[in-house]
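What follows is a set of notes on a single structure, which appears directly below.
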Amino acid sequence: PDLIKTIQRLPGVSSGTELLSGLYVHGGTGSDNLYLLDGVPLYSTSHLIGLFSSFNSDVVDDVDFYKSGFPARYGGRLSSVVDVNTREGNMYEWHGNFSIGLIDGRFQIDGPIVKGKTSLNFGLRRTWLDAVTIPGLMIANIYAGRSAGEKYAGHYAFWDMNLGITHIISDTDKLQFTFFNGMDNLRGSYESYLSTDYDKVTHEHVFDFSKRQDNTDIRLGWGSTTAGLTWNHFFSDELTMRTRLSYARSDNKTKFDYSEWDYDRTKPAKLESSYFSKEDNRSKVHDIILRSDLDWIPSDIHHVRFGASFQHHIYNPDRKALYWLENHDEKTILIDTKSSQAYHGEEAALYAEDEISIGNRLTLAPGLRYSIFSTGKKTYHSPEPRLAMRYDIGRDVALKFSYTDMRQYVHLIQTLYLDLPTSSWLPCTETMKPMHSSQIAGGVYARLPHDLHLEVEGFWKSLDHIYEYNGPFSLYPPIERWESSFSEGKGRAYGAEVAFGWTTDDTDINLSYTLSWSQRNFPDFFHTWYFDRNDYRNMLNITATHRFSNKFELYGGFTYRTGSRLTLADQGINPSRNQYDMDTHQYREEYSYNQLYTSPNNLRMPSYHRLDLGMNFKKVTRRGNERTWNFSIYNAYCHLNPIYAEVHKNKEGNYKGVAYGAIPIIPTFSYQLKF
């Protein structure tokens, strides 16, 4: 029951690389989705490399997801909006939920602090993987240390915490405080030790565990913190206002330490020299946001929303690298660099939208958003028009159409396609322009006989001022010269989506299929349009749930999509030339192989597919509490979906593409008690 995993199964949405919890919507980049938790933006939304999202289903009340037809009240991203609201605590009774499983444990409780006036809702979640990996590596080290002189250490943990307090001041005023903190910490280290002798009797090496040969230590951390105070005021049944002051923080950090010791083998473990490398990368974002929204219903045919917002952004990436060599008592600094950037940005927006009913069949929803962003000496501003309309053909069939114009003033600076904490969020500048998208979408939506429903929709989307890294391979983005390390281009995406389902009281079956194209045009890389890395031509999702009784239910989900694209050499030439041989004093013909690339993202990895299964056993205890045992399997038939691919040359001189997968079948179980 993960929110992002559920959205990934909708038509027009893909998850990208295996296990990541990102969203790629209508040709988007993955960094252009707006995630809101109680109205506060989240920059990091994944746990455990994407197996869980940051949204705890125990505290979630409702979710609004938009992939087109964006209302004017949303802005700042191009491709989708995930607007999540947590529940208010019960004002009169205490309720709770406790769950423990193979991977994580959860606890949630809500109830009155002051009956009828103040309530609390609290949720906590944490993984147990560190409790498994630490003793497991200790056992592995016993064998590795004896046989290979190696030691491993590792630690991974994530947690998140939600807190909500609601206080009713009067019949017309209500205060709400919300807080969220979620963090992931991953650490891995490797040590090898000096081999001093070889025992010919036992055929084993003898290691000196007081003298290390090399040591590698990697630490990754990422997470978000949000807090918001909201005042709801009811002027009348027709007019309400909501004003929120909030704070959002994103913190990504990576640390890499490497040490190597060189011993003189002719003498008893005499240290000759040592080499040390320390790298530290950190990226932080701070947002302070003030926003006010008004909801007005002047008549039966109008529903007006309007408001304003102001955001102060602080972007602060840091990069440190120190390499040095020690030879006896002499220390030589090889590299010592420190880079730190600080950007401040002010973003303001005004919006107004109206939902207008014209007769019994036609509904129009025009809207306009005007946004301004200022950083340094540059100020950008732009209107963002929106329009959505619906026409009902009878009671069971509706036609829908929408047009949206969006601006995004922040860029995710990364050198790899993986969502790692090595990336940095940075604002648009005089050189890096705001990203822009325009999208039209329309379709037919029908309720059919026998509890069936059908939706057919098409879309066209254009993207401007999008950026791609153009430098050499690097784990960290070059923050001191990042503007010159990214090329500007544009994109387009178009396609059709079909959703078909059957829903009864006990059975729910849904099938969705997407046929789409996603392309890019970067003159620095290629002379014309080429396919985007996330050009998933065909996507199919099938989900089914059946409740056999009040005590047992079974569910499953199958996912298929065309593979991701990547850039590899797909052709080659062997030019020859005459080379003069100084030994034989004769000319001989030499051949060399030159790799050729027909276009960026020219090859496609194998298709992605997996089956997930699960079952729930429920029972109501004598005290009226609900107890649930869950058994579930991720990737039930253990298909290793590709994460990376490369081209190999075999012994016969032929070339072969090889793809690598890493995530096998993952069975798990959990016990849940609601009280």
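Going through the structure tokens in order, the chains are called A, B, and so on, while each chain numbers its residues from 1 and the ligands are numbered from 1 in the order shown.
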>> So that I can see what lies close to region 608-625 of chain A, please list as a ChimeraX atom specification the residues with an atom at most 6 Å from it, counting only C-alpha atoms and leaving out residues fewer than 4 positions away in the same chain.
In response: /A:551-561,563,629-636,641,674-675
>> I'd like the neighbourhood of Arg481 (chain A) as number ranges by chain, where a residue qualifies if any of its atoms comes within 12 Å (using only C-alpha atoms), though same-chain residues fewer than 4 positions away should be ignored.
In response: A: 339-341, 413, 431, 469, 471, 477, 485-486
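Nearest-residue note for Leu325 (chain A): choosing from A:Glu260, A:Glu384, A:Glu150, A:Glu430, the minimum distance belongs to A:Glu260, counting only C-alpha atoms.
Within 7 Å of Asn538 (chain A), once only C-alpha atoms are used and residues closer than 3 positions along the same chain are dropped, the contacting residues are Thr514, Leu515, Ser516, Arg561 and Thr562 of chain A.
Computed from the coordinates, the CA of His302 (chain A) to CA of Pro366 (chain A) distance equals 11.4 Å.
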>> So, with only C-alpha atoms as the atoms that count, which of A:Ala493, A:Met183, A:Leu362, A:Ile466 lies closest to Tyr391 (chain A)?
In response: A:Leu362
> Got a sec to tell me which of region 146-279 of chain A DSSP assigns to strand (DSSP E), as a PyMOL selection string?
Replying inline: chain A and resi 150-168+173-199+204-234+239-264+270-279
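The space between CA of Asp535 (chain A) and CA of Gly657 (chain A) spans 19.3 Å.
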